[in-house]
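Student: Sharing coords_13.tsv, TSV, C-alpha atoms:
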chain	number	residue	atom	x	y	z
F	1	MET	CA	-28.44	-26.03	4.95
F	2	THR	CA	-28.34	-22.25	5.39
F	3	ASP	CA	-31.63	-20.40	5.14
F	4	GLN	CA	-31.01	-17.84	2.37
F	5	ARG	CA	-33.50	-15.43	3.95
F	6	PHE	CA	-31.02	-14.89	6.78
F	7	ALA	CA	-27.74	-15.12	4.88
F	8	ARG	CA	-25.67	-11.96	5.19
F	9	ARG	CA	-25.00	-10.08	1.98
F	10	PRO	CA	-21.40	-9.69	0.91
F	11	ARG	CA	-19.95	-6.48	2.37
F	12	ILE	CA	-17.69	-4.51	0.00
F	13	CYS	CA	-15.92	-1.21	0.64
F	14	PHE	CA	-15.26	0.67	-2.58
F	15	ASP	CA	-13.94	3.96	-3.86
F	16	THR	CA	-13.53	5.77	-7.15
F	17	GLU	CA	-11.18	8.40	-8.46
F	18	THR	CA	-12.59	10.68	-11.13
F	19	THR	CA	-11.71	13.38	-13.64
F	20	GLY	CA	-13.64	15.95	-11.62
F	21	LEU	CA	-16.50	16.33	-9.18
F	22	TYR	CA	-19.63	16.22	-11.34
F	23	TRP	CA	-20.68	13.23	-13.43
F	24	ARG	CA	-23.70	15.22	-14.60
F	25	SER	CA	-21.26	17.66	-16.23
F	26	GLY	CA	-19.34	14.90	-18.01
F	27	ASP	CA	-16.69	13.95	-15.45
F	28	ARG	CA	-15.80	10.26	-15.55
F	29	VAL	CA	-14.33	7.47	-13.40
F	30	CYS	CA	-10.58	6.95	-13.89
F	31	GLU	CA	-9.90	4.40	-11.10
F	32	ILE	CA	-12.04	2.00	-9.09
F	33	GLY	CA	-11.06	-0.12	-6.11
F	34	ALA	CA	-13.11	-2.49	-3.98
F	35	VAL	CA	-12.44	-4.79	-1.05
F	36	ARG	CA	-14.75	-7.67	-0.09
F	37	LEU	CA	-14.76	-8.19	3.69
F	38	ASP	CA	-15.33	-11.19	5.92
F	39	ASP	CA	-17.48	-11.03	9.05
F	40	ASP	CA	-14.55	-9.52	11.00
F	41	PHE	CA	-14.01	-6.80	8.35
F	42	ARG	CA	-10.82	-8.43	7.05
F	43	PRO	CA	-10.24	-8.23	3.29
F	44	VAL	CA	-10.84	-11.53	1.51
F	45	ALA	CA	-10.88	-10.33	-2.12
F	46	ARG	CA	-9.90	-7.19	-4.02
F	47	PHE	CA	-10.92	-5.56	-7.27
F	48	HIS	CA	-8.81	-2.77	-8.75
F	49	ARG	CA	-8.72	-1.19	-12.18
F	50	TYR	CA	-7.46	2.01	-13.72
F	51	VAL	CA	-9.94	3.26	-16.31
F	52	ASN	CA	-9.46	5.30	-19.46
F	53	PRO	CA	-11.98	8.11	-18.86
F	54	GLN	CA	-11.98	9.09	-22.54
F	55	ARG	CA	-11.74	12.76	-21.58
F	56	PRO	CA	-9.02	15.06	-20.20
F	57	MET	CA	-8.19	15.11	-16.51
F	58	SER	CA	-8.98	18.32	-14.63
F	59	GLU	CA	-6.04	19.96	-12.88
F	60	GLY	CA	-7.81	19.75	-9.53
F	61	ALA	CA	-8.46	16.01	-9.87
F	62	PHE	CA	-4.85	15.41	-10.96
F	63	ARG	CA	-3.62	17.16	-7.81
F	64	VAL	CA	-5.80	14.85	-5.69
F	65	HIS	CA	-4.85	11.47	-7.23
F	66	GLY	CA	-1.94	12.08	-9.60
F	67	LEU	CA	-3.41	10.05	-12.48
F	68	SER	CA	-2.35	11.58	-15.79
F	69	ASP	CA	-4.04	11.49	-19.18
F	70	GLU	CA	-0.96	9.75	-20.59
F	71	PHE	CA	-1.01	7.00	-17.93
F	72	LEU	CA	-4.77	6.41	-18.26
F	73	SER	CA	-4.70	6.35	-22.08
F	74	GLN	CA	-3.44	2.76	-21.92
F	75	ALA	CA	-6.13	1.61	-19.44
F	76	PRO	CA	-9.35	-0.18	-20.46
F	77	THR	CA	-12.59	1.78	-20.72
F	78	PHE	CA	-15.28	1.43	-18.07
F	79	ALA	CA	-17.36	-0.59	-20.55
F	80	GLU	CA	-14.51	-3.11	-20.69
F	81	ILE	CA	-14.21	-3.52	-16.91
F	82	ALA	CA	-17.94	-3.28	-16.09
F	83	PRO	CA	-18.73	-7.02	-16.40
F	84	ASP	CA	-15.96	-7.91	-13.92
F	85	PHE	CA	-17.00	-5.16	-11.50
F	86	LEU	CA	-20.65	-6.18	-11.64
F	87	ALA	CA	-19.70	-9.82	-11.02
F	88	PHE	CA	-17.51	-8.80	-8.06
F	89	THR	CA	-20.24	-6.66	-6.47
F	90	ARG	CA	-23.39	-8.64	-7.35
F	91	GLY	CA	-25.86	-8.56	-4.45
F	92	ALA	CA	-23.44	-6.80	-2.10
F	93	GLU	CA	-23.84	-4.13	0.51
F	94	LEU	CA	-21.53	-1.50	-0.95
F	95	ILE	CA	-19.83	0.78	1.56
F	96	ALA	CA	-18.45	4.12	0.40
F	97	HIS	CA	-17.33	7.31	2.08
F	98	ASN	CA	-19.75	9.73	0.40
F	99	ALA	CA	-21.78	7.02	-1.30
F	100	VAL	CA	-23.87	9.53	-3.28
F	101	PHE	CA	-20.69	10.57	-5.10
F	102	ASP	CA	-19.26	7.10	-5.80
F	103	VAL	CA	-22.56	5.36	-6.56
F	104	GLY	CA	-23.60	8.26	-8.79
F	105	PHE	CA	-20.38	8.08	-10.79
F	106	VAL	CA	-20.48	4.28	-11.13
F	107	ASN	CA	-24.16	4.22	-12.10
F	108	ASN	CA	-23.47	6.91	-14.70
F	109	GLU	CA	-20.62	4.84	-16.14
F	110	LEU	CA	-22.79	1.72	-16.17
F	111	SER	CA	-25.57	3.61	-17.95
F	112	ILE	CA	-23.20	5.02	-20.60
F	113	ALA	CA	-21.86	1.50	-21.22
F	114	GLY	CA	-25.35	-0.05	-21.40
F	115	PHE	CA	-25.14	-2.09	-18.19
F	116	PRO	CA	-27.62	-2.34	-15.31
F	117	SER	CA	-27.25	0.00	-12.33
F	118	LEU	CA	-25.74	-1.13	-9.05
F	119	GLU	CA	-29.24	-1.34	-7.60
F	120	GLU	CA	-30.38	-3.51	-10.53
F	121	ASN	CA	-27.33	-5.67	-9.77
F	122	GLY	CA	-28.83	-6.32	-6.30
F	123	CYS	CA	-26.58	-3.88	-4.43
F	124	THR	CA	-27.44	-1.56	-1.58
F	125	ALA	CA	-25.25	1.30	-0.36
F	126	LEU	CA	-24.07	2.37	3.08
F	127	CYS	CA	-22.54	5.84	3.37
F	128	THR	CA	-19.86	6.04	6.05
F	129	LEU	CA	-19.76	9.83	5.76
F	130	THR	CA	-23.42	9.99	6.82
F	131	LEU	CA	-22.89	7.30	9.45
F	132	SER	CA	-19.88	9.05	10.99
F	133	ARG	CA	-21.79	12.34	11.15
F	134	LEU	CA	-24.62	10.60	13.00
F	135	LEU	CA	-22.44	8.66	15.43
F	136	TYR	CA	-19.67	11.22	16.05
F	137	PRO	CA	-21.14	14.71	15.56
F	138	GLY	CA	-18.29	16.58	17.22
F	139	ILE	CA	-15.43	15.49	14.94
F	140	ARG	CA	-14.28	16.05	11.35
F	141	HIS	CA	-15.47	13.40	8.90
F	142	SER	CA	-13.04	13.12	5.99
F	143	LEU	CA	-11.52	9.67	5.55
F	144	THR	CA	-8.16	11.09	6.67
F	145	ASP	CA	-9.70	12.60	9.80
F	146	LEU	CA	-11.53	9.37	10.65
F	147	CYS	CA	-8.33	7.35	10.21
F	148	ARG	CA	-6.62	9.64	12.70
F	149	TYR	CA	-9.57	9.61	15.11
F	150	PHE	CA	-9.70	5.80	15.14
F	151	GLY	CA	-5.94	5.24	15.03
F	152	VAL	CA	-5.95	3.68	11.55
F	153	ASP	CA	-2.51	3.92	9.92
F	154	ASP	CA	-2.87	5.92	6.70
F	155	SER	CA	0.82	6.71	6.32
F	156	LEU	CA	0.95	5.08	2.86
F	157	ARG	CA	-1.68	7.51	1.59
F	158	VAL	CA	0.37	10.20	-0.13
F	159	LYS	CA	-2.39	10.87	-2.69
F	160	HIS	CA	-5.89	9.48	-3.05
F	161	GLY	CA	-6.00	6.01	-4.59
F	162	ALA	CA	-9.16	3.96	-5.00
F	163	LEU	CA	-7.86	0.61	-3.70
F	164	LEU	CA	-5.88	2.02	-0.78
F	165	ASP	CA	-8.81	4.25	0.18
F	166	ALA	CA	-11.19	1.25	0.04
F	167	GLU	CA	-8.83	-0.69	2.33
F	168	LEU	CA	-8.60	2.22	4.78
F	169	LEU	CA	-12.37	2.56	4.63
F	170	ALA	CA	-12.71	-1.11	5.63
F	171	GLU	CA	-10.79	-0.40	8.83
F	172	VAL	CA	-12.77	2.78	9.52
F	173	THR	CA	-16.06	0.99	8.82
F	174	LYS	CA	-15.23	-1.67	11.39
F	175	LYS	CA	-14.63	1.07	13.96
F	176	LEU	CA	-17.86	2.86	13.01
F	177	LEU	CA	-20.03	-0.25	13.08
F	178	THR	CA	-18.54	-1.53	16.32
F	179	ARG	CA	-18.49	1.97	17.89
F	180	GLY	CA	-14.71	2.25	18.01
F	181	ALA	CA	-13.98	-1.25	19.34
Go through the file and emit its structure as structure tokens.

Tutor:
Amino acid sequence: MTDQRFARRPRICFDTETTGLYWRSGDRVCEIGAVRLDDDFRPVARFHRYVNPQRPMSEGAFRVHGLSDEFLSQAPTFAEIAPDFLAFTRGAELIAHNAVFDVGFVNNELSIAGFPSLEENGCTALCTLTLSRLLYPGIRHSLTDLCRYFGVDDSLRVKHGALLDAELLAEVTKKLLTRGA
């Protein structure tokens, strides 16, 4: 029998795409992707949804991810996908590149929809942007730059996409946590 006090929490890399940069100003999540990892940082489960943000897309955000108002108008709302996302992430260590951004957006969406926050769902957050700055102070720290630094193939990344970025982040996280091994 495994002693639950020492059981490792699920480790999940996740990313969001949004209508803009500031949830406090009304920007919303329009895509969410998450990858649950095994002990060797290999993906064992995925969660991916496009989300109807119920507001227009900013031009800047559209240039980053290419998700149009027309395309997203057929997607479910965050309130509709929240139960599945909370079930997928329950009790996990969530890993995000700029966790303040992604966790802030998701917690805002959860609040609007009347659901508990990620923290109330038993989650903690690890920020790989902060971690990379601490471990590798002399390099650039965007996800693209870290992929190149660690030799992670990001050739499929034409635009930002939540699931692809979460999968790339899984590979980068392994390199960060094992110091490039």

Student: So that I can check the surroundings of region 59-73 of chain F, please list as a list of chain:residue names every protein, DNA and RNA residue that reaches within 7 Å of it, counting all atoms listed in the file and ignoring chain neighbours fewer than 3 positions away.

Tutor: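 The filter keeps F:Thr18, F:Thr19, F:Gly20, F:Tyr50, F:Val51, F:Asn52, F:Pro56, F:Lys159, F:His160, F:Gly161.
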
Student: With distances taken over only C-alpha atoms, which residue among F:Glu171, F:Ala166, F:Phe85, F:Cys127 lies nearest Gly151 (chain F)?

Tutor: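 The answer is F:Glu171, which sits nearest to Gly151 (chain F).
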
Student: Which residue out of F:Ala45, F:Ile81, F:Leu118, F:Val35 has the minimum interatomic distance to Ala170 (chain F) when only C-alpha atoms are used?

Tutor: F:Val35

Student: Looking at F:Thr178, F:Cys13, F:Leu143, F:Tyr149, which one is nearest to Glu93 (chain F), with distances taken over all atoms listed in the file?

Tutor: F:Cys13

Student: Could you please determine the separation between CA of Glu109 (chain F) and CA of Arg42 (chain F) in Å, to one decimal place?

Tutor: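 Pair CA of Glu109 (chain F) / CA of Arg42 (chain F) returns 28.5 Å.
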
Student: Reconstruct region 166-177 of chain F at the level of all heavy atoms, and format the result as a compact mmCIF listing (two decimals), keeping the file's coordinate frame.

Tutor:
# COMPACT_ATOMS: atom_id res chain seq x y z
N ALA F 166 -10.20 2.29 -0.30
CA ALA F 166 -11.19 1.25 0.04
C ALA F 166 -10.69 0.40 1.21
O ALA F 166 -11.47 0.02 2.09
CB ALA F 166 -11.49 0.39 -1.18
N GLU F 167 -9.39 0.10 1.22
CA GLU F 167 -8.83 -0.69 2.33
C GLU F 167 -8.85 0.10 3.63
O GLU F 167 -9.18 -0.45 4.69
CB GLU F 167 -7.41 -1.14 1.97
CG GLU F 167 -7.40 -2.18 0.87
CD GLU F 167 -6.02 -2.55 0.37
OE1 GLU F 167 -5.08 -1.73 0.53
OE2 GLU F 167 -5.89 -3.63 -0.20
N LEU F 168 -8.51 1.39 3.58
CA LEU F 168 -8.60 2.22 4.78
C LEU F 168 -10.05 2.33 5.24
O LEU F 168 -10.33 2.28 6.44
CB LEU F 168 -8.03 3.62 4.49
CG LEU F 168 -6.53 3.70 4.27
CD1 LEU F 168 -6.14 5.09 3.78
CD2 LEU F 168 -5.76 3.31 5.52
N LEU F 169 -10.96 2.47 4.29
CA LEU F 169 -12.37 2.56 4.63
C LEU F 169 -12.86 1.29 5.33
O LEU F 169 -13.69 1.36 6.23
CB LEU F 169 -13.21 2.83 3.38
CG LEU F 169 -14.70 3.02 3.62
CD1 LEU F 169 -14.97 4.19 4.56
CD2 LEU F 169 -15.41 3.20 2.29
N ALA F 170 -12.32 0.14 4.95
CA ALA F 170 -12.71 -1.11 5.63
C ALA F 170 -12.37 -1.03 7.11
O ALA F 170 -13.18 -1.42 7.97
CB ALA F 170 -12.01 -2.30 4.97
N GLU F 171 -11.19 -0.52 7.43
CA GLU F 171 -10.79 -0.40 8.83
C GLU F 171 -11.65 0.64 9.57
O GLU F 171 -12.06 0.42 10.71
CB GLU F 171 -9.31 -0.04 8.93
CG GLU F 171 -8.40 -1.16 8.44
CD GLU F 171 -6.94 -0.82 8.64
OE1 GLU F 171 -6.56 -0.54 9.80
OE2 GLU F 171 -6.18 -0.83 7.66
N VAL F 172 -11.92 1.75 8.92
CA VAL F 172 -12.77 2.78 9.52
C VAL F 172 -14.19 2.26 9.71
O VAL F 172 -14.82 2.50 10.75
CB VAL F 172 -12.74 4.07 8.66
CG1 VAL F 172 -13.85 5.03 9.06
CG2 VAL F 172 -11.38 4.74 8.77
N THR F 173 -14.70 1.53 8.73
CA THR F 173 -16.06 0.99 8.82
C THR F 173 -16.20 0.06 10.02
O THR F 173 -17.19 0.11 10.74
CB THR F 173 -16.44 0.26 7.52
OG1 THR F 173 -16.39 1.19 6.44
CG2 THR F 173 -17.83 -0.33 7.60
N LYS F 174 -15.20 -0.78 10.22
CA LYS F 174 -15.23 -1.67 11.39
C LYS F 174 -15.36 -0.84 12.67
O LYS F 174 -16.16 -1.16 13.54
CB LYS F 174 -13.98 -2.54 11.45
CG LYS F 174 -13.97 -3.44 12.67
CD LYS F 174 -12.74 -4.33 12.71
CE LYS F 174 -12.81 -5.24 13.95
NZ LYS F 174 -11.71 -6.18 13.99
N LYS F 175 -14.58 0.22 12.77
CA LYS F 175 -14.63 1.07 13.96
C LYS F 175 -16.00 1.74 14.08
O LYS F 175 -16.55 1.84 15.18
CB LYS F 175 -13.53 2.14 13.91
CG LYS F 175 -12.13 1.59 13.81
CD LYS F 175 -11.68 0.96 15.09
CE LYS F 175 -10.20 0.62 15.02
NZ LYS F 175 -9.70 0.04 16.25
N LEU F 176 -16.54 2.21 12.96
CA LEU F 176 -17.86 2.86 13.01
C LEU F 176 -18.96 1.89 13.41
O LEU F 176 -19.80 2.23 14.25
CB LEU F 176 -18.19 3.47 11.64
CG LEU F 176 -17.48 4.74 11.25
CD1 LEU F 176 -17.74 5.07 9.79
CD2 LEU F 176 -17.91 5.90 12.15
N LEU F 177 -18.96 0.71 12.82
CA LEU F 177 -20.03 -0.25 13.08
C LEU F 177 -19.91 -0.95 14.41
O LEU F 177 -20.88 -1.53 14.89
CB LEU F 177 -20.14 -1.26 11.93
CG LEU F 177 -20.56 -0.66 10.58
CD1 LEU F 177 -20.63 -1.74 9.52
CD2 LEU F 177 -21.89 0.09 10.69
